[in-house]
Amino acid sequence: MKVLITGSNGLLGQKLLHKIREDDTLELVATSIGVNRVSQKTGYKYISLDVTNKREVERVILAQKPHVVINTAAMTNVDLCEDKRSECDSLNINAVKYLANSCKKIDAHLIHISTDFIFDGENGPYSEDDEPNPLSYYGLSKLKSEQLLQAHSVNWTILRTIIVFGVGESLSKGNIVLWAKDALAKGDSLSIIDDQFRAPTLAEDLADICILAAKKKALGIFNASGKDIMSIYELVERVAKHYGMSTDNLNKINTSTLNQKAVRPPKTGFILDKSINELGYKPHSFEESLALMDEQIK
Ligand SMILES: NC(=O)c1ccc[n+]([C@@H]2O[C@H](COP(=O)([O-])OP(=O)(O)OC[C@H]3O[C@@H](n4cnc5c(N)ncnc54)[C@H](OP(=O)(O)O)[C@@H]3O)[C@@H](O)[C@H]2O)c1
């Protein structure tokens, strides 16, 4: 089975790249904007692809004829999406339409990644059937991308995830677990919000469920987060505990003191039964995830 991934320089993209190139049953075409920043260059084909370029998307997909396309490319900076709405629309919505149209032409299956930010966070944890109500432009853009797939005749899977973390190379952005580990190691005084709850997701787990969905060509929406729900403060506290670091410099604060551009949902988290039962998804616990990252950092 031939799989094409977009955004292969990103955190999820890199994990997919490594897992798919090592899977003898899969052939990989990795694409991302600009040059390939992954140092492992063998065992797959790399094509530079800006998914906001409609003609390029169609040209690459029709030429490569993948059986499955996994779209990981996105504008993920939630505050930036508030300010740069047309850029956000172009990457998070229009690009999905170009991918869906091209996949339809060659009868390819499209797997798309969405987010817990489509919900308002008043009634988490959420099941796949709960009613979305995004509070931010990012969340709205992702909800619109879901809605356009739901109305499209292409075969699609939507995988919704939450705070993706892990170790990658030459990433254009950091993630909260690596940030917390570094900040704790420096002994900085850290003010951490204690009124937002999430189920952080190991990037490897998310890559695994993408591959499970690809192999099954699963249809529909699946929750694809970590299984442990915690406040952001607790997350940092658990990172500190894992590394035997002091929590003396950790202070609890409320979201209202941060003055962030985008409004965040207070409590998300996902019910994972459908993904576990129908796809065979097996997410790691948060502590298992930290241990796995340690192996990679070594
Ligand atoms: N990260 C989270 O906490 C989180 C939470 C919920 C949902 N998600 C969703 O999960 C998915 C994967 O997230 P991630 O954390 O792996 O994101 P990421 O690390 O930001 O990766 C996105 C990749 O897309 C690339 N890209 C940007 N613009 C592009 C374009 N026009 N054409 C092609 N590629 C482009 C980026 O390139 P550069 O590396 O060159 O910038 C980056 O490599 C996204 O759909 C995101 O919305 C993420």
# chains A, B, ... in the order shown; residues from 1 in each chain; ligands from 1
$ select_by_dssp --residues "region 50-277 of chain A" --states "strand (DSSP E or B)" --output "ChimeraX atom specification"
/A:68-71,109-115,126,156-161,164-165,190-193,197-198,201-202,220-223,230-231,250-253,267,270
$ residues_near_ligand --ligand "ligand 1" --cutoff "7 Å" --atoms "only C-alpha atoms and all ligand atoms" --output "ChimeraX atom specification"
/A:6-13,32-34,49-52,71-76,91,113-116,160-165,171-173
$ closest_atom_pairs --of "region 180-234 of chain A" --to "region 147-156 of chain A" --cutoff "9 Å" --atoms "only C-alpha atoms" --output "CSV"
residue,atom,partner,partner_atom,distance
A:Lys217,CA,A:Trp156,CA,8.0
A:Ala218,CA,A:Trp156,CA,7.7
A:Leu219,CA,A:Trp156,CA,5.8
A:Gly220,CA,A:Trp156,CA,6.6
A:Ile221,CA,A:Trp156,CA,8.7
$ closest_residue --among "A:Pro125, A:Asp130, A:Ile253, A:Val69" --to "Lys104 (chain A)" --atoms "only C-alpha atoms"
A:Val69
$ residues_around --residues "Glu122 (chain A)" --least-positions-apart "2" --cutoff "10 Å" --atoms "only C-alpha atoms" --output "ChimeraX atom specification"
/A:119-120,124-126,133,265-268
$ write_last_selection --atoms "all heavy atoms" --output "compact mmCIF listing (two decimals), in the first residue's frame"
# COMPACT_ATOMS: atom_id res chain seq x y z
N PHE A 119 -14.12 21.77 20.52
CA PHE A 119 -15.10 21.76 21.63
C PHE A 119 -14.89 22.97 22.55
O PHE A 119 -13.80 23.54 22.60
CB PHE A 119 -14.94 20.46 22.44
CG PHE A 119 -15.30 19.23 21.65
CD1 PHE A 119 -14.33 18.33 21.24
CD2 PHE A 119 -16.62 18.98 21.31
CE1 PHE A 119 -14.66 17.19 20.50
CE2 PHE A 119 -16.97 17.84 20.58
CZ PHE A 119 -15.99 16.96 20.17
N ASP A 120 -15.94 23.29 23.33
CA ASP A 120 -15.82 24.45 24.23
C ASP A 120 -15.24 24.10 25.59
O ASP A 120 -14.99 24.98 26.42
CB ASP A 120 -17.16 25.19 24.37
CG ASP A 120 -18.28 24.30 24.93
OD1 ASP A 120 -17.97 23.27 25.56
OD2 ASP A 120 -19.46 24.65 24.72
N GLY A 124 -16.00 18.06 28.91
CA GLY A 124 -15.03 17.01 28.60
C GLY A 124 -14.98 15.96 29.68
O GLY A 124 -15.43 16.22 30.80
N PRO A 125 -14.51 14.72 29.44
CA PRO A 125 -13.97 14.27 28.16
C PRO A 125 -15.08 13.98 27.14
O PRO A 125 -16.22 13.66 27.52
CB PRO A 125 -13.24 12.97 28.54
CG PRO A 125 -13.89 12.49 29.79
CD PRO A 125 -14.36 13.71 30.51
N TYR A 126 -14.70 14.12 25.86
CA TYR A 126 -15.67 14.05 24.76
C TYR A 126 -15.64 12.73 24.01
O TYR A 126 -14.57 12.13 23.85
CB TYR A 126 -15.38 15.19 23.76
CG TYR A 126 -15.67 16.55 24.33
CD1 TYR A 126 -14.66 17.33 24.88
CD2 TYR A 126 -16.97 17.05 24.34
CE1 TYR A 126 -14.93 18.58 25.43
CE2 TYR A 126 -17.25 18.31 24.88
CZ TYR A 126 -16.24 19.05 25.42
OH TYR A 126 -16.51 20.28 25.96
N ASN A 133 -18.26 23.08 19.54
CA ASN A 133 -18.56 24.50 19.75
C ASN A 133 -17.22 25.21 19.98
O ASN A 133 -16.86 25.49 21.11
CB ASN A 133 -19.48 24.67 20.97
CG ASN A 133 -19.83 26.13 21.20
OD1 ASN A 133 -19.90 26.92 20.26
ND2 ASN A 133 -20.02 26.52 22.46
N PRO A 265 -10.44 25.94 25.54
CA PRO A 265 -11.46 25.20 26.30
C PRO A 265 -10.92 24.77 27.66
O PRO A 265 -9.78 24.30 27.74
CB PRO A 265 -11.74 23.98 25.42
CG PRO A 265 -10.58 23.86 24.48
CD PRO A 265 -9.94 25.21 24.37
N PRO A 266 -11.71 24.92 28.75
CA PRO A 266 -11.18 24.55 30.07
C PRO A 266 -10.87 23.07 30.22
O PRO A 266 -9.78 22.72 30.65
CB PRO A 266 -12.26 25.00 31.05
CG PRO A 266 -13.43 25.42 30.25
CD PRO A 266 -12.99 25.61 28.83
N LYS A 267 -11.81 22.19 29.87
CA LYS A 267 -11.53 20.76 30.09
C LYS A 267 -11.92 19.94 28.86
O LYS A 267 -13.09 19.86 28.51
CB LYS A 267 -12.29 20.23 31.32
CG LYS A 267 -11.96 18.77 31.55
CD LYS A 267 -12.54 18.19 32.81
CE LYS A 267 -12.09 16.73 32.91
NZ LYS A 267 -12.81 15.94 33.83
N THR A 268 -10.90 19.36 28.23
CA THR A 268 -11.20 18.47 27.11
C THR A 268 -10.89 17.03 27.54
O THR A 268 -11.40 16.57 28.54
CB THR A 268 -10.47 18.90 25.82
OG1 THR A 268 -9.08 18.75 25.97
CG2 THR A 268 -10.83 20.32 25.43
$ closest_residue --among "A:Tyr243, A:Tyr98, A:Phe197, A:Tyr281" --to "Phe222 (chain A)" --atoms "only C-alpha atoms"
A:Tyr281
$ closest_residue --among "A:Ala185, A:Leu159, A:Val3, A:Leu292" --to "Phe270 (chain A)" --atoms "only C-alpha atoms"
A:Leu159
$ decode --residues "region 58-73 of chain A" --atoms "all heavy atoms" --output "PDB file, in the first residue's frame"
ATOM      1  N   GLU A  58      -2.673  18.783  -6.692  1.00  0.00           N
ATOM      2  CA  GLU A  58      -3.276  17.888  -7.686  1.00  0.00           C
ATOM      3  C   GLU A  58      -2.173  17.197  -8.502  1.00  0.00           C
ATOM      4  O   GLU A  58      -2.227  15.981  -8.719  1.00  0.00           O
ATOM      5  CB  GLU A  58      -4.214  18.683  -8.596  1.00  0.00           C
ATOM      6  CG  GLU A  58      -4.847  17.790  -9.630  1.00  0.00           C
ATOM      7  CD  GLU A  58      -6.062  18.403 -10.301  1.00  0.00           C
ATOM      8  OE1 GLU A  58      -6.983  18.834  -9.590  1.00  0.00           O
ATOM      9  OE2 GLU A  58      -6.082  18.434 -11.543  1.00  0.00           O
ATOM     10  N   ARG A  59      -1.168  17.973  -8.905  1.00  0.00           N
ATOM     11  CA  ARG A  59      -0.090  17.406  -9.734  1.00  0.00           C
ATOM     12  C   ARG A  59       0.617  16.264  -8.992  1.00  0.00           C
ATOM     13  O   ARG A  59       0.787  15.170  -9.527  1.00  0.00           O
ATOM     14  CB  ARG A  59       0.926  18.513 -10.081  1.00  0.00           C
ATOM     15  CG  ARG A  59       1.966  18.097 -11.104  1.00  0.00           C
ATOM     16  CD  ARG A  59       2.976  19.214 -11.350  1.00  0.00           C
ATOM     17  NE  ARG A  59       3.755  19.591 -10.171  1.00  0.00           N
ATOM     18  CZ  ARG A  59       4.759  18.886  -9.657  1.00  0.00           C
ATOM     19  NH1 ARG A  59       5.118  17.760 -10.215  1.00  0.00           N
ATOM     20  NH2 ARG A  59       5.397  19.304  -8.573  1.00  0.00           N
ATOM     21  N   VAL A  60       0.976  16.497  -7.720  1.00  0.00           N
ATOM     22  CA  VAL A  60       1.741  15.488  -6.962  1.00  0.00           C
ATOM     23  C   VAL A  60       0.866  14.254  -6.696  1.00  0.00           C
ATOM     24  O   VAL A  60       1.307  13.115  -6.907  1.00  0.00           O
ATOM     25  CB  VAL A  60       2.285  16.089  -5.639  1.00  0.00           C
ATOM     26  CG1 VAL A  60       2.846  15.004  -4.734  1.00  0.00           C
ATOM     27  CG2 VAL A  60       3.351  17.134  -5.943  1.00  0.00           C
ATOM     28  N   ILE A  61      -0.358  14.464  -6.277  1.00  0.00           N
ATOM     29  CA  ILE A  61      -1.197  13.303  -5.931  1.00  0.00           C
ATOM     30  C   ILE A  61      -1.559  12.482  -7.180  1.00  0.00           C
ATOM     31  O   ILE A  61      -1.471  11.257  -7.163  1.00  0.00           O
ATOM     32  CB  ILE A  61      -2.439  13.737  -5.126  1.00  0.00           C
ATOM     33  CG1 ILE A  61      -1.949  14.192  -3.744  1.00  0.00           C
ATOM     34  CG2 ILE A  61      -3.462  12.608  -5.004  1.00  0.00           C
ATOM     35  CD1 ILE A  61      -2.985  14.538  -2.745  1.00  0.00           C
ATOM     36  N   LEU A  62      -1.875  13.161  -8.254  1.00  0.00           N
ATOM     37  CA  LEU A  62      -2.225  12.401  -9.467  1.00  0.00           C
ATOM     38  C   LEU A  62      -1.003  11.666 -10.023  1.00  0.00           C
ATOM     39  O   LEU A  62      -1.123  10.557 -10.556  1.00  0.00           O
ATOM     40  CB  LEU A  62      -2.837  13.307 -10.535  1.00  0.00           C
ATOM     41  CG  LEU A  62      -4.170  13.976 -10.179  1.00  0.00           C
ATOM     42  CD1 LEU A  62      -4.899  14.455 -11.431  1.00  0.00           C
ATOM     43  CD2 LEU A  62      -5.105  13.089  -9.374  1.00  0.00           C
ATOM     44  N   ALA A  63       0.180  12.265  -9.861  1.00  0.00           N
ATOM     45  CA  ALA A  63       1.390  11.601 -10.373  1.00  0.00           C
ATOM     46  C   ALA A  63       1.814  10.439  -9.481  1.00  0.00           C
ATOM     47  O   ALA A  63       2.231   9.390  -9.960  1.00  0.00           O
ATOM     48  CB  ALA A  63       2.538  12.616 -10.483  1.00  0.00           C
ATOM     49  N   GLN A  64       1.673  10.585  -8.150  1.00  0.00           N
ATOM     50  CA  GLN A  64       2.163   9.547  -7.224  1.00  0.00           C
ATOM     51  C   GLN A  64       1.152   8.419  -7.021  1.00  0.00           C
ATOM     52  O   GLN A  64       1.511   7.319  -6.639  1.00  0.00           O
ATOM     53  CB  GLN A  64       2.512  10.171  -5.857  1.00  0.00           C
ATOM     54  CG  GLN A  64       3.683  11.141  -5.903  1.00  0.00           C
ATOM     55  CD  GLN A  64       4.922  10.509  -6.509  1.00  0.00           C
ATOM     56  OE1 GLN A  64       5.278   9.372  -6.189  1.00  0.00           O
ATOM     57  NE2 GLN A  64       5.593  11.234  -7.402  1.00  0.00           N
ATOM     58  N   LYS A  65      -0.118   8.742  -7.213  1.00  0.00           N
ATOM     59  CA  LYS A  65      -1.203   7.747  -7.043  1.00  0.00           C
ATOM     60  C   LYS A  65      -1.111   6.943  -5.739  1.00  0.00           C
ATOM     61  O   LYS A  65      -1.085   5.697  -5.763  1.00  0.00           O
ATOM     62  CB  LYS A  65      -1.238   6.776  -8.225  1.00  0.00           C
ATOM     63  CG  LYS A  65      -1.562   7.462  -9.538  1.00  0.00           C
ATOM     64  CD  LYS A  65      -1.801   6.436 -10.637  1.00  0.00           C
ATOM     65  CE  LYS A  65      -2.187   7.095 -11.942  1.00  0.00           C
ATOM     66  NZ  LYS A  65      -1.293   8.169 -12.369  1.00  0.00           N
ATOM     67  N   PRO A  66      -1.069   7.624  -4.584  1.00  0.00           N
ATOM     68  CA  PRO A  66      -1.072   6.884  -3.314  1.00  0.00           C
ATOM     69  C   PRO A  66      -2.431   6.230  -3.075  1.00  0.00           C
ATOM     70  O   PRO A  66      -3.445   6.695  -3.613  1.00  0.00           O
ATOM     71  CB  PRO A  66      -0.816   7.974  -2.269  1.00  0.00           C
ATOM     72  CG  PRO A  66      -1.373   9.217  -2.899  1.00  0.00           C
ATOM     73  CD  PRO A  66      -1.133   9.094  -4.372  1.00  0.00           C
ATOM     74  N   HIS A  67      -2.437   5.156  -2.273  1.00  0.00           N
ATOM     75  CA  HIS A  67      -3.718   4.567  -1.870  1.00  0.00           C
ATOM     76  C   HIS A  67      -4.312   5.347  -0.694  1.00  0.00           C
ATOM     77  O   HIS A  67      -5.525   5.403  -0.531  1.00  0.00           O
ATOM     78  CB  HIS A  67      -3.522   3.098  -1.466  1.00  0.00           C
ATOM     79  CG  HIS A  67      -2.965   2.273  -2.575  1.00  0.00           C
ATOM     80  ND1 HIS A  67      -1.642   1.896  -2.634  1.00  0.00           N
ATOM     81  CD2 HIS A  67      -3.553   1.794  -3.685  1.00  0.00           C
ATOM     82  CE1 HIS A  67      -1.444   1.195  -3.737  1.00  0.00           C
ATOM     83  NE2 HIS A  67      -2.580   1.117  -4.391  1.00  0.00           N
ATOM     84  N   VAL A  68      -3.411   5.891   0.136  1.00  0.00           N
ATOM     85  CA  VAL A  68      -3.852   6.656   1.313  1.00  0.00           C
ATOM     86  C   VAL A  68      -3.019   7.936   1.413  1.00  0.00           C
ATOM     87  O   VAL A  68      -1.801   7.903   1.211  1.00  0.00           O
ATOM     88  CB  VAL A  68      -3.666   5.830   2.612  1.00  0.00           C
ATOM     89  CG1 VAL A  68      -4.055   6.650   3.841  1.00  0.00           C
ATOM     90  CG2 VAL A  68      -4.489   4.548   2.575  1.00  0.00           C
ATOM     91  N   VAL A  69      -3.668   9.049   1.730  1.00  0.00           N
ATOM     92  CA  VAL A  69      -2.970  10.311   2.023  1.00  0.00           C
ATOM     93  C   VAL A  69      -3.226  10.642   3.488  1.00  0.00           C
ATOM     94  O   VAL A  69      -4.374  10.589   3.946  1.00  0.00           O
ATOM     95  CB  VAL A  69      -3.473  11.452   1.108  1.00  0.00           C
ATOM     96  CG1 VAL A  69      -2.914  12.799   1.549  1.00  0.00           C
ATOM     97  CG2 VAL A  69      -3.112  11.170  -0.349  1.00  0.00           C
ATOM     98  N   ILE A  70      -2.149  10.951   4.225  1.00  0.00           N
ATOM     99  CA  ILE A  70      -2.310  11.365   5.633  1.00  0.00           C
ATOM    100  C   ILE A  70      -1.904  12.834   5.725  1.00  0.00           C
ATOM    101  O   ILE A  70      -0.733  13.177   5.485  1.00  0.00           O
ATOM    102  CB  ILE A  70      -1.464  10.501   6.596  1.00  0.00           C
ATOM    103  CG1 ILE A  70      -1.769   9.005   6.406  1.00  0.00           C
ATOM    104  CG2 ILE A  70      -1.722  10.922   8.045  1.00  0.00           C
ATOM    105  CD1 ILE A  70      -0.917   8.066   7.260  1.00  0.00           C
ATOM    106  N   ASN A  71      -2.863  13.687   6.070  1.00  0.00           N
ATOM    107  CA  ASN A  71      -2.601  15.131   6.098  1.00  0.00           C
ATOM    108  C   ASN A  71      -2.240  15.588   7.506  1.00  0.00           C
ATOM    109  O   ASN A  71      -3.114  15.731   8.359  1.00  0.00           O
ATOM    110  CB  ASN A  71      -3.833  15.896   5.600  1.00  0.00           C
ATOM    111  CG  ASN A  71      -3.614  17.394   5.653  1.00  0.00           C
ATOM    112  OD1 ASN A  71      -2.504  17.869   5.391  1.00  0.00           O
ATOM    113  ND2 ASN A  71      -4.645  18.139   5.978  1.00  0.00           N
ATOM    114  N   THR A  72      -0.954  15.831   7.738  1.00  0.00           N
ATOM    115  CA  THR A  72      -0.527  16.332   9.061  1.00  0.00           C
ATOM    116  C   THR A  72      -0.211  17.828   9.002  1.00  0.00           C
ATOM    117  O   THR A  72      -0.005  18.450  10.039  1.00  0.00           O
ATOM    118  CB  THR A  72       0.729  15.593   9.595  1.00  0.00           C
ATOM    119  OG1 THR A  72       1.903  16.167   9.024  1.00  0.00           O
ATOM    120  CG2 THR A  72       0.682  14.107   9.305  1.00  0.00           C
ATOM    121  N   ALA A  73      -0.117  18.402   7.796  1.00  0.00           N
ATOM    122  CA  ALA A  73       0.243  19.821   7.670  1.00  0.00           C
ATOM    123  C   ALA A  73      -0.883  20.676   8.233  1.00  0.00           C
ATOM    124  O   ALA A  73      -2.058  20.407   7.984  1.00  0.00           O
ATOM    125  CB  ALA A  73       0.480  20.171   6.203  1.00  0.00           C
TER     126      ALA A  73
END
